[in-house]
$ cat work10.txt   # compact mmCIF, C-alpha atoms
# COMPACT_ATOMS: atom_id res chain seq x y z
CA MET Y 840 118.56 74.71 119.59
CA PRO Y 841 118.83 74.84 115.83
CA GLY Y 842 122.06 76.05 114.36
CA PRO Y 843 122.50 79.12 112.15
CA THR Y 844 120.56 78.87 108.90
CA PRO Y 845 120.71 80.72 105.61
CA ASN Y 846 118.38 83.68 105.60
CA VAL Y 847 116.76 83.40 102.21
CA ASP Y 848 113.19 82.49 102.95
CA GLY Y 849 111.70 79.16 102.13
CA ASP Y 850 112.65 75.82 103.64
CA ASP Y 851 115.58 77.49 105.37
CA THR Y 852 113.44 79.94 107.30
CA PRO Y 853 115.20 80.85 110.54
CA PRO Y 854 113.42 80.11 113.78
CA ARG Y 855 111.00 82.80 115.06
CA ASP Y 856 113.28 83.55 118.00
CA SER Y 857 116.17 84.26 115.66
CA PRO Y 858 115.20 87.20 113.45
CA PRO Y 859 117.35 88.36 110.56
CA GLY Y 860 120.31 90.22 111.87
CA ASP Y 861 120.36 88.30 115.15
CA THR Y 862 123.53 86.52 114.24
CA PRO Y 863 125.29 84.85 117.17
CA PRO Y 864 128.46 86.64 118.30
CA GLY Y 865 131.54 85.51 116.44
CA ASP Y 866 129.65 84.59 113.30
CA ALA Y 867 130.46 87.80 111.46
CA ALA Y 868 132.76 85.99 109.08
CA ASP Y 869 130.14 83.32 108.41
CA ASP Y 870 127.45 85.74 107.35
CA GLY Y 871 129.79 87.41 104.91
CA SER Y 872 129.44 90.87 106.48
CA ASP Y 873 133.20 91.44 106.20
CA ASP Y 874 133.36 90.96 102.46
CA GLY Y 875 129.84 91.29 101.18
CA VAL Y 876 126.34 92.52 101.70
CA ARG Y 877 123.77 90.34 103.41
CA ILE Y 878 120.27 90.35 101.96
CA ASP Y 879 117.30 89.06 103.94
CA MET Y 880 114.38 88.20 101.69
CA ILE Y 881 111.32 87.86 103.89
CA SER Y 882 108.25 86.15 102.51
CA GLY Y 883 104.70 87.32 103.06
CA ALA Y 884 104.02 84.09 104.94
CA ARG Y 885 106.85 84.89 107.37
CA MET Y 886 105.35 88.30 108.14
CA GLU Y 887 101.75 87.19 108.21
CA GLY Y 888 101.49 86.19 111.86
CA LEU Y 889 103.51 89.09 113.22
CA THR Y 890 102.14 92.19 114.90
CA SER Y 891 103.02 95.61 113.48
CA MET Y 892 105.74 96.18 116.05
CA GLU Y 893 107.20 92.71 115.53
CA LYS Y 894 107.44 93.42 111.79
CA ILE Y 895 109.12 96.77 112.44
CA ARG Y 896 111.55 95.19 114.91
CA LEU Y 897 112.36 92.44 112.42
CA ILE Y 898 113.13 95.04 109.74
CA LEU Y 899 115.07 97.49 111.88
CA ASP Y 900 117.14 94.81 113.64
CA GLY Y 901 118.28 93.60 110.24
CA VAL Y 902 118.89 97.06 108.80
CA ARG Y 903 120.78 98.24 111.89
CA ASP Y 904 123.11 95.26 111.40
CA GLY Y 905 123.85 96.60 107.93
CA ASN Y 906 121.66 94.16 106.03
CA ILE Y 907 119.35 94.80 103.11
CA VAL Y 908 115.82 93.63 103.87
CA ILE Y 909 113.47 92.74 101.03
CA LEU Y 910 109.82 92.22 101.91
CA GLU Y 911 107.77 90.18 99.49
CA GLU Y 912 104.53 91.91 100.47
CA GLY Y 913 105.57 95.18 102.10
CA LEU Y 914 103.84 96.96 104.93
CA SER Y 915 100.46 98.59 105.36
CA PRO Y 916 100.30 102.41 105.36
CA ASP Y 917 99.84 102.40 109.13
CA GLU Y 918 102.88 100.16 109.56
CA GLU Y 919 104.91 102.39 107.24
CA SER Y 920 103.97 105.35 109.41
CA LYS Y 921 105.10 103.50 112.54
CA LEU Y 922 108.29 102.36 110.80
CA ILE Y 923 109.21 106.00 110.12
CA GLU Y 924 108.38 106.94 113.70
CA VAL Y 925 110.41 104.12 115.28
CA THR Y 926 113.31 104.71 112.87
CA MET Y 927 113.46 108.34 113.99
CA THR Y 928 113.67 107.34 117.64
CA GLU Y 929 116.63 105.05 116.90
CA ILE Y 930 118.78 107.44 114.88
CA SER Y 931 121.98 108.34 116.69
CA PRO Y 932 125.04 110.32 115.55
CA ASP Y 933 127.90 108.28 114.04
CA ASP Y 934 125.92 105.06 114.51
CA PHE Y 935 122.59 104.88 112.68
CA THR Y 936 121.41 107.59 110.29
CA GLY Y 937 118.11 106.01 109.31
CA ILE Y 938 116.76 103.91 106.47
CA GLU Y 939 116.38 104.05 102.74
CA ILE Y 940 113.17 102.43 101.58
CA GLU Y 941 111.85 101.81 98.09
CA THR Y 942 108.73 100.12 96.93
CA TYR Y 943 106.47 99.87 93.95
CA PRO Y 944 102.90 98.74 93.96
CA LYS Y 945 101.78 95.61 92.18
CA ALA Y 946 99.05 96.14 89.65
CA GLU Y 947 95.93 96.66 91.71
CA THR Y 948 93.79 94.36 89.63
CA SER Y 949 96.21 91.46 89.39
CA ASP Y 950 95.87 90.11 92.91
CA GLN Y 951 92.52 91.36 94.10
CA SER Y 952 89.66 89.01 94.75
CA PHE Y 953 86.18 89.79 93.47
CA LEU Y 954 85.15 90.62 97.04
CA ASP Y 955 88.10 93.00 97.43
CA LYS Y 956 87.08 94.82 94.26
CA LEU Y 957 83.46 94.89 95.36
CA MET Y 958 84.41 96.34 98.76
CA GLY Y 959 86.87 98.77 97.22
CA ARG Y 960 89.79 97.17 99.05
CA LYS Y 961 93.13 97.79 97.43
CA SER Y 962 95.89 95.25 97.56
CA ALA Y 963 98.59 96.09 100.08
CA GLN Y 964 101.06 93.71 98.47
CA LYS Y 965 104.13 95.48 97.22
CA LEU Y 966 107.72 94.40 97.03
CA THR Y 967 109.72 96.61 99.38
CA VAL Y 968 113.46 97.10 99.73
CA ILE Y 969 114.81 98.58 102.96
CA GLY Y 970 118.42 99.25 103.86
CA PRO Y 971 120.67 101.44 105.99
CA ALA Y 972 120.59 105.02 104.68
CA ASN Y 973 124.38 105.16 104.56
CA ARG Y 974 124.72 102.00 102.46
CA ILE Y 975 121.91 102.04 99.94
CA GLU Y 976 121.30 104.56 97.22
CA THR Y 977 118.46 104.55 94.72
CA LEU Y 978 119.74 105.01 91.19
CA HIS Y 979 116.47 104.74 89.33
CA LYS Y 980 112.88 104.08 90.15
CA ASP Y 981 109.74 103.79 88.12
CA GLU Y 982 106.60 101.74 88.37
CA ASN Y 983 108.31 98.64 86.99
CA LEU Y 984 111.91 98.90 88.14
CA ILE Y 985 113.84 99.80 91.28
CA SER Y 986 117.60 100.06 90.73
CA THR Y 987 119.75 100.54 93.82
CA LEU Y 988 123.43 100.77 94.56
CA VAL Y 989 124.46 98.98 97.75
CA SER Y 990 127.84 99.80 99.22
CA ARG Y 991 129.86 97.71 101.65
CA LYS Y 992 130.44 98.82 105.24
CA MET E 360 67.85 101.36 133.61
CA GLY E 361 69.56 99.97 130.54
CA LEU E 362 67.07 101.78 128.32
CA LEU E 363 67.74 105.08 130.10
CA THR E 364 71.49 104.57 129.79
CA ASN E 365 71.18 103.83 126.08
CA LEU E 366 68.98 106.90 125.59
CA ARG E 367 71.44 109.11 127.48
CA ASP E 368 74.34 107.73 125.41
CA SER E 369 72.42 108.37 122.17
CA ILE E 370 71.65 111.97 123.16
CA SER E 371 75.27 112.46 124.22
CA ARG E 372 76.52 111.18 120.84
CA VAL E 373 74.19 113.53 118.97
CA THR E 374 75.17 116.60 121.03
CA ASP E 375 78.85 115.69 120.83
CA GLY E 376 78.48 115.46 117.08
CA LEU E 377 76.82 118.87 116.90
CA PHE E 378 79.56 120.52 118.94
CA ALA E 379 82.28 118.63 117.08
CA ALA E 380 80.95 120.03 113.81
CA ASP E 381 81.52 123.53 115.17
CA ASP E 382 85.04 122.82 116.44
CA PRO E 383 87.87 124.11 114.25
CA LYS E 384 89.31 121.37 112.07
CA ARG E 385 92.98 120.65 112.67
CA ILE E 386 94.70 120.83 109.31
CA GLY E 387 98.23 119.43 109.21
CA ILE E 388 100.71 120.95 106.77
CA TYR E 389 102.87 118.04 105.68
CA GLY E 390 105.57 117.40 103.13
CA PRO E 391 109.29 116.73 102.74
CA PRO E 392 111.92 119.04 104.27
CA ASN E 393 112.37 122.43 102.58
CA ALA E 394 109.12 122.31 100.60
CA GLY E 395 107.99 125.63 102.09
CA LYS E 396 105.56 124.37 104.73
CA THR E 397 106.38 127.03 107.33
CA THR E 398 106.40 129.75 104.67
CA LEU E 399 102.88 128.67 103.72
CA ALA E 400 101.75 128.40 107.38
CA ASN E 401 103.09 131.90 108.01
CA ARG E 402 101.43 133.24 104.86
CA ILE E 403 98.03 131.84 105.89
CA ALA E 404 98.41 132.95 109.51
CA ARG E 405 99.57 136.47 108.56
CA ASP E 406 96.81 136.89 105.99
CA TRP E 407 94.03 135.98 108.45
CA THR E 408 95.37 136.64 111.96
CA GLY E 409 98.30 139.02 111.51
CA ASP E 410 100.68 136.65 113.37
CA ALA E 411 103.32 134.22 112.15
CA VAL E 412 103.62 130.54 113.06
CA GLY E 413 107.39 130.05 113.14
CA PRO E 414 110.79 130.95 111.67
CA GLU E 415 111.62 130.07 108.05
CA SER E 416 115.01 128.94 106.79
CA HIS E 417 116.70 127.41 103.76
CA ILE E 418 118.48 124.96 106.11
CA PRO E 419 116.58 121.66 106.25
CA HIS E 420 114.70 120.81 109.46
CA GLU E 421 114.27 124.39 110.65
CA THR E 422 110.89 123.27 112.00
CA ARG E 423 111.58 120.58 114.56
CA ARG E 424 108.36 120.70 116.57
CA ALA E 425 104.77 120.65 115.32
CA ARG E 426 103.40 124.15 115.84
CA ARG E 427 99.72 124.98 115.98
CA LYS E 428 98.03 128.26 115.13
CA GLU E 429 94.51 128.08 116.47
CA ASN E 430 91.27 129.56 115.23
CA VAL E 431 92.37 130.84 111.84
CA GLU E 432 89.17 132.19 110.30
CA ILE E 433 89.19 132.16 106.51
CA GLU E 434 86.38 133.99 104.75
CA ARG E 435 85.33 132.70 101.37
CA ASN E 436 82.21 133.34 99.31
CA GLY E 437 80.29 134.86 102.20
CA ARG E 438 81.03 132.14 104.73
CA THR E 439 83.72 131.70 107.32
CA VAL E 440 85.79 128.53 107.79
CA THR E 441 87.69 128.18 111.06
CA ILE E 442 90.74 125.90 111.13
CA ASP E 443 93.71 125.20 113.35
CA ILE E 444 96.90 125.13 111.28
CA VAL E 445 99.46 122.55 112.38
CA ASP E 446 102.86 123.23 110.82
CA THR E 447 104.85 119.98 110.99
CA PRO E 448 108.53 119.11 110.56
CA GLY E 449 109.51 117.82 107.12
CA VAL E 450 109.12 114.05 106.95
CA THR E 451 112.09 111.89 106.04
CA THR E 452 113.38 108.39 106.75
CA LYS E 453 116.94 109.52 107.48
CA VAL E 454 118.73 112.32 109.30
CA ASP E 455 122.50 112.65 109.29
CA TYR E 456 123.98 115.45 111.37
CA LYS E 457 126.91 115.70 108.92
CA GLU E 458 124.58 117.31 106.37
CA PHE E 459 124.16 120.28 108.71
CA LEU E 460 127.92 120.79 108.86
CA ASP E 461 127.67 122.02 105.25
CA HIS E 462 125.63 124.96 106.56
CA ASP E 463 128.50 126.34 108.68
CA MET E 464 127.28 124.63 111.83
CA GLU E 465 129.51 123.33 114.64
CA LYS E 466 129.31 119.59 115.28
CA GLU E 467 127.62 120.05 118.65
CA ASP E 468 124.90 122.24 117.11
CA ALA E 469 124.51 119.88 114.15
CA VAL E 470 124.08 116.85 116.42
CA ARG E 471 121.53 118.71 118.55
CA ARG E 472 119.65 119.83 115.43
CA SER E 473 119.57 116.29 114.05
CA ARG E 474 118.32 114.91 117.38
CA GLU E 475 115.56 117.50 117.51
CA ALA E 476 114.73 116.82 113.86
CA THR E 477 114.26 113.10 114.48
CA GLU E 478 112.00 113.81 117.44
CA GLY E 479 110.04 116.24 115.30
CA VAL E 480 109.51 113.75 112.46
CA ALA E 481 108.33 111.09 114.95
CA GLU E 482 105.95 113.67 116.43
CA ALA E 483 104.65 114.59 112.96
CA MET E 484 103.89 110.95 112.17
CA HIS E 485 102.04 110.60 115.44
CA TRP E 486 99.96 113.72 114.68
CA LEU E 487 99.11 112.29 111.27
CA ARG E 488 97.80 109.04 112.74
CA GLU E 489 95.97 110.53 115.69
CA ASP E 490 95.35 114.25 115.67
CA VAL E 491 94.63 115.88 112.30
CA ASP E 492 91.33 116.19 110.45
CA GLY E 493 92.79 117.06 107.06
CA VAL E 494 96.10 117.55 105.30
CA ILE E 495 97.67 120.21 103.13
CA TYR E 496 100.54 118.39 101.40
CA VAL E 497 103.20 120.82 100.23
CA LEU E 498 105.70 119.90 97.53
CA ASP E 499 108.58 121.87 96.06
CA ALA E 500 107.62 122.09 92.38
CA THR E 501 111.30 122.28 91.40
CA ASN E 502 111.96 118.77 92.80
CA ASP E 503 111.07 115.30 91.56
CA PRO E 504 107.84 114.33 93.36
CA PHE E 505 108.31 110.59 92.72
CA THR E 506 110.03 109.92 96.04
CA GLN E 507 109.33 107.15 98.48
CA VAL E 508 108.50 109.56 101.32
CA ASN E 509 105.88 111.29 99.17
CA THR E 510 104.43 107.98 98.02
CA MET E 511 104.28 106.63 101.56
CA LEU E 512 102.81 109.77 103.10
CA ILE E 513 100.12 110.15 100.46
CA GLY E 514 99.32 106.45 101.00
CA ILE E 515 99.09 106.96 104.76
CA ILE E 516 96.83 110.01 104.31
CA GLU E 517 94.58 108.11 101.88
CA SER E 518 94.39 105.07 104.17
CA GLN E 519 93.01 107.32 106.91
CA ASP E 520 90.43 108.85 104.56
CA LEU E 521 91.66 112.34 105.40
CA PRO E 522 90.78 115.12 102.95
CA ALA E 523 94.02 116.16 101.27
CA LEU E 524 94.96 119.17 99.20
CA ILE E 525 98.23 118.98 97.26
CA LEU E 526 100.05 122.26 96.75
CA ALA E 527 102.83 122.67 94.20
CA ASN E 528 104.91 125.38 95.86
CA LYS E 529 107.74 127.64 94.62
CA THR E 530 106.14 128.46 91.26
CA ASP E 531 108.11 131.71 91.36
CA LEU E 532 111.20 129.69 90.41
CA PRO E 533 111.77 129.16 86.68
CA GLU E 534 112.44 125.43 87.01
CA ALA E 535 109.10 124.75 88.74
CA ASP E 536 107.13 121.93 87.08
CA VAL E 537 103.57 121.80 88.41
CA GLN E 538 102.45 119.23 85.84
CA GLN E 539 105.00 116.72 87.11
CA ILE E 540 103.34 116.84 90.54
CA ALA E 541 99.87 116.55 89.01
CA ASN E 542 101.08 113.50 87.08
CA ALA E 543 102.56 111.92 90.22
CA PHE E 544 99.31 112.12 92.18
CA PRO E 545 96.50 112.15 89.61
CA GLN E 546 93.95 111.05 92.20
CA HIS E 547 94.29 114.45 93.92
CA GLU E 548 93.82 118.02 92.82
CA THR E 549 97.10 119.95 92.56
CA ILE E 550 97.08 123.69 93.20
CA PRO E 551 100.11 125.77 92.13
CA LEU E 552 101.33 128.60 94.35
CA SER E 553 104.26 130.58 95.60
CA ALA E 554 103.88 130.86 99.37
CA LEU E 555 106.90 133.17 99.41
CA GLU E 556 105.48 135.63 96.89
CA GLY E 557 101.82 135.07 97.76
CA ASP E 558 100.98 134.03 94.19
CA ASN E 559 97.65 132.22 93.67
CA MET E 560 96.73 132.35 97.36
CA ASP E 561 93.14 133.24 96.44
CA GLU E 562 92.68 129.84 94.85
CA VAL E 563 94.44 128.16 97.80
CA TYR E 564 91.99 129.76 100.26
CA THR E 565 89.01 128.83 98.10
CA LYS E 566 90.19 125.22 98.06
CA ILE E 567 90.88 125.21 101.82
CA ALA E 568 87.31 126.36 102.42
CA GLU E 569 86.00 123.78 99.97
CA TYR E 570 88.03 120.84 101.34
CA PHE E 571 88.03 121.60 105.06
CA GLY E 572 84.97 123.79 105.64

$ encode --input "work10.txt" --output "structure tokens"
Amino acid sequence: MPGPTPNVDGDDTPPRDSPPGDTPPGDAADDGSDDGVRIDMISGARMEGLTSMEKIRLILDGVRDGNIVILEEGLSPDEESKLIEVTMTEISPDDFTGIEIETYPKAETSDQSFLDKLMGRKSAQKLTVIGPANRIETLHKDENLISTLVSRK
Amino acid sequence: MGLLTNLRDSISRVTDGLFAADDPKRIGIYGPPNAGKTTLANRIARDWTGDAVGPESHIPHETRRARRKENVEIERNGRTVTIDIVDTPGVTTKVDYKEFLDHDMEKEDAVRRSREATEGVAEAMHWLREDVDGVIYVLDATNDPFTQVNTMLIGIIESQDLPALILANKTDLPEADVQQIANAFPQHETIPLSALEGDNMDEVYTKIAEYFG
């Protein structure tokens, strides 16, 4: 059983059975949740093999623990629709009020293959920031910049 | 045997297609809370059937269940278009019952309203993925349209190849900015209107017939 690992993606990727937010009991002080804000940056490679519901669970488990989740490649429109639907089913008074989500699209032409362009396929890749609605507030957003204010618990 | 089965299936597909073409299209009225979706649904329903769809309110999430008005026949340019109007709850990613307390609501009522609102939004998303043939997307022209919910919903609608008509509502208010909405979604046609006052409804009905007929 591997021990707790940092959650910034890369060589320190946590094991698949330990999604972001699934911190072992008693480790609250270790993850800095008492005096800071935890940010889970999840690479496209990490999300690639997951089903839609696994992706949504990964996101919501982290957000419900008070973390900010940053997705390198975002979700598909269908997954975004399901994320809204599942989020609604989990909202409960005085506990979880939902999510704040911000994204901006990458330039469509920058990461499309010739075949994608030929077939009219648009790139789904878009950096996405998701956090608890009561802790994250968007200050400014345009096509090149997302500025958010994250508050502590 | 296999040939007969294939032939029967082919005939069935053709006849199903013919009947499906005659079925009323289900047109979902979508948008963020308080954009005037129910006011529009009521305006359309009253103009063509004499009935209303549901109650209107300035308090967010007044509509907490998708409501359908069937067989609304709209006459335009000598032809009749029949649609089912589906008025949906305003879509959001967050619902906090405390916001309803500002509208002189007791906590118990506010909690119940927020619970119903969340169920309604989930239901609206399900309708969008499974059960509508086209979308009327209603925006409050006095608000900034560059929100994540609008971006996501328009993306979802486009990904499903649903015909979509964007309406810039509340043009009766002096601060309405229709051009801002047109700039936000240049890939779609934006039609200005005031559902409350009935302004520009003629153009709205012409576009409904054009997009969904």

$ interface_residues --input "work10.txt" --of "chain Y" --to "chain E" --cutoff "12 Å" --atoms "all atoms listed in the file" --output "ChimeraX atom specification"
/Y:913-944,960-963,965,967-975,977-982,985

$ atom_distance --input "work10.txt" --atom1 "atom CA of Ile550 of chain E" --atom2 "atom CA of Val563 of chain E"
6.9 Å

$ atom_distance --input "work10.txt" --atom1 "atom CA of Asn430 of chain E" --atom2 "atom CA of Leu399 of chain E"
16.4 Å

$ residues_around --input "work10.txt" --residues "Ala527 of chain E" --least-positions-apart "4" --cutoff "8 Å" --atoms "all atoms listed in the file" --output "list of chain:residue names"
E:Val497, E:Leu498, E:Asp499, E:Ala500, E:Val537, E:Ile540, E:Thr549, E:Ile550, E:Pro551, E:Leu552

$ atom_distance --input "work10.txt" --atom1 "atom CA of Ile907 of chain Y" --atom2 "atom CA of Pro448 of chain E"
27.6 Å

$ closest_residue --input "work10.txt" --among "E:Glu421, E:Glu467, E:Asp492, E:Asp406" --to "Pro392 of chain E" --atoms "only C-alpha atoms"
E:Glu421

$ closest_residue --input "work10.txt" --among "Y:Ile878, Y:Leu889, Y:Leu984, Y:Ala884" --to "Gly905 of chain Y" --atoms "all atoms listed in the file"
Y:Ile878

$ residues_around --input "work10.txt" --residues "segment 432-445 of chain E" --least-positions-apart "4" --cutoff "12 Å" --atoms "all atoms listed in the file" --output "MDAnalysis selection string"
chainID E and resid 380:389 396:397 399:409 411:413 422 424:428 482:483 486:487 490:496 560:572

$ write_last_selection --input "work10.txt" --atoms "C-alpha atoms" --output "short mmCIF file (atom, residue, chain, number, x, y, z; two decimals), in the coordinates of the input"
data_model
loop_
_atom_site.label_atom_id
_atom_site.label_comp_id
_atom_site.auth_asym_id
_atom_site.auth_seq_id
_atom_site.Cartn_x
_atom_site.Cartn_y
_atom_site.Cartn_z
CA ALA E 380 80.95 120.03 113.81
CA ASP E 381 81.52 123.53 115.17
CA ASP E 382 85.04 122.82 116.44
CA PRO E 383 87.87 124.11 114.25
CA LYS E 384 89.31 121.37 112.07
CA ARG E 385 92.98 120.65 112.67
CA ILE E 386 94.70 120.83 109.31
CA GLY E 387 98.23 119.43 109.21
CA ILE E 388 100.71 120.95 106.77
CA TYR E 389 102.87 118.04 105.68
CA LYS E 396 105.56 124.37 104.73
CA THR E 397 106.38 127.03 107.33
CA LEU E 399 102.88 128.67 103.72
CA ALA E 400 101.75 128.40 107.38
CA ASN E 401 103.09 131.90 108.01
CA ARG E 402 101.43 133.24 104.86
CA ILE E 403 98.03 131.84 105.89
CA ALA E 404 98.41 132.95 109.51
CA ARG E 405 99.57 136.47 108.56
CA ASP E 406 96.81 136.89 105.99
CA TRP E 407 94.03 135.98 108.45
CA THR E 408 95.37 136.64 111.96
CA GLY E 409 98.30 139.02 111.51
CA ALA E 411 103.32 134.22 112.15
CA VAL E 412 103.62 130.54 113.06
CA GLY E 413 107.39 130.05 113.14
CA THR E 422 110.89 123.27 112.00
CA ARG E 424 108.36 120.70 116.57
CA ALA E 425 104.77 120.65 115.32
CA ARG E 426 103.40 124.15 115.84
CA ARG E 427 99.72 124.98 115.98
CA LYS E 428 98.03 128.26 115.13
CA GLU E 482 105.95 113.67 116.43
CA ALA E 483 104.65 114.59 112.96
CA TRP E 486 99.96 113.72 114.68
CA LEU E 487 99.11 112.29 111.27
CA ASP E 490 95.35 114.25 115.67
CA VAL E 491 94.63 115.88 112.30
CA ASP E 492 91.33 116.19 110.45
CA GLY E 493 92.79 117.06 107.06
CA VAL E 494 96.10 117.55 105.30
CA ILE E 495 97.67 120.21 103.13
CA TYR E 496 100.54 118.39 101.40
CA MET E 560 96.73 132.35 97.36
CA ASP E 561 93.14 133.24 96.44
CA GLU E 562 92.68 129.84 94.85
CA VAL E 563 94.44 128.16 97.80
CA TYR E 564 91.99 129.76 100.26
CA THR E 565 89.01 128.83 98.10
CA LYS E 566 90.19 125.22 98.06
CA ILE E 567 90.88 125.21 101.82
CA ALA E 568 87.31 126.36 102.42
CA GLU E 569 86.00 123.78 99.97
CA TYR E 570 88.03 120.84 101.34
CA PHE E 571 88.03 121.60 105.06
CA GLY E 572 84.97 123.79 105.64
#

$ closest_residue --input "work10.txt" --among "Y:Gln964, Y:Gly875, Y:Arg991, Y:Ile881" --to "Gly901 of chain Y" --atoms "all atoms listed in the file"
Y:Ile881

$ closest_residue --input "work10.txt" --among "Y:Leu966, Y:Asp879, Y:Glu976, Y:Gly888" --to "Asp900 of chain Y" --atoms "all atoms listed in the file"
Y:Asp879

$ decode --input "work10.txt" --residues "segment 515-551 of chain E" --atoms "C-alpha atoms" --output "PDB file, in the first residue's frame"
ATOM      1  CA  ILE E 515     -24.051  21.105 -24.812  1.00  0.00           C
ATOM      2  CA  ILE E 516     -26.813  22.186 -27.213  1.00  0.00           C
ATOM      3  CA  GLU E 517     -24.334  22.504 -30.086  1.00  0.00           C
ATOM      4  CA  SER E 518     -22.757  19.132 -29.324  1.00  0.00           C
ATOM      5  CA  GLN E 519     -26.176  17.520 -29.739  1.00  0.00           C
ATOM      6  CA  ASP E 520     -26.789  19.313 -33.045  1.00  0.00           C
ATOM      7  CA  LEU E 521     -30.068  20.712 -31.748  1.00  0.00           C
ATOM      8  CA  PRO E 522     -31.486  23.745 -33.561  1.00  0.00           C
ATOM      9  CA  ALA E 523     -31.186  26.682 -31.173  1.00  0.00           C
ATOM     10  CA  LEU E 524     -32.735  30.117 -31.151  1.00  0.00           C
ATOM     11  CA  ILE E 525     -31.237  32.679 -28.778  1.00  0.00           C
ATOM     12  CA  LEU E 526     -33.624  35.268 -27.391  1.00  0.00           C
ATOM     13  CA  ALA E 527     -32.430  38.461 -25.717  1.00  0.00           C
ATOM     14  CA  ASN E 528     -35.291  39.101 -23.300  1.00  0.00           C
ATOM     15  CA  LYS E 529     -36.311  42.123 -21.199  1.00  0.00           C
ATOM     16  CA  THR E 530     -35.700  44.713 -23.916  1.00  0.00           C
ATOM     17  CA  ASP E 531     -38.327  46.851 -22.177  1.00  0.00           C
ATOM     18  CA  LEU E 532     -35.703  47.669 -19.543  1.00  0.00           C
ATOM     19  CA  PRO E 533     -33.434  50.640 -20.305  1.00  0.00           C
ATOM     20  CA  GLU E 534     -30.218  48.802 -19.406  1.00  0.00           C
ATOM     21  CA  ALA E 535     -30.876  45.966 -21.889  1.00  0.00           C
ATOM     22  CA  ASP E 536     -27.912  45.315 -24.195  1.00  0.00           C
ATOM     23  CA  VAL E 537     -28.888  42.993 -27.043  1.00  0.00           C
ATOM     24  CA  GLN E 538     -25.606  43.482 -28.886  1.00  0.00           C
ATOM     25  CA  GLN E 539     -23.645  42.084 -25.952  1.00  0.00           C
ATOM     26  CA  ILE E 540     -25.563  38.806 -26.292  1.00  0.00           C
ATOM     27  CA  ALA E 541     -25.073  38.769 -30.064  1.00  0.00           C
ATOM     28  CA  ASN E 542     -21.341  39.266 -29.488  1.00  0.00           C
ATOM     29  CA  ALA E 543     -21.210  36.451 -26.924  1.00  0.00           C
ATOM     30  CA  PHE E 544     -22.728  33.876 -29.274  1.00  0.00           C
ATOM     31  CA  PRO E 545     -21.944  35.054 -32.813  1.00  0.00           C
ATOM     32  CA  GLN E 546     -22.524  31.577 -34.232  1.00  0.00           C
ATOM     33  CA  HIS E 547     -26.249  31.926 -33.449  1.00  0.00           C
ATOM     34  CA  GLU E 548     -28.938  34.376 -34.430  1.00  0.00           C
ATOM     35  CA  THR E 549     -30.065  36.594 -31.533  1.00  0.00           C
ATOM     36  CA  ILE E 550     -33.639  37.861 -31.488  1.00  0.00           C
ATOM     37  CA  PRO E 551     -34.553  40.731 -29.124  1.00  0.00           C
TER      38      PRO E 551
END
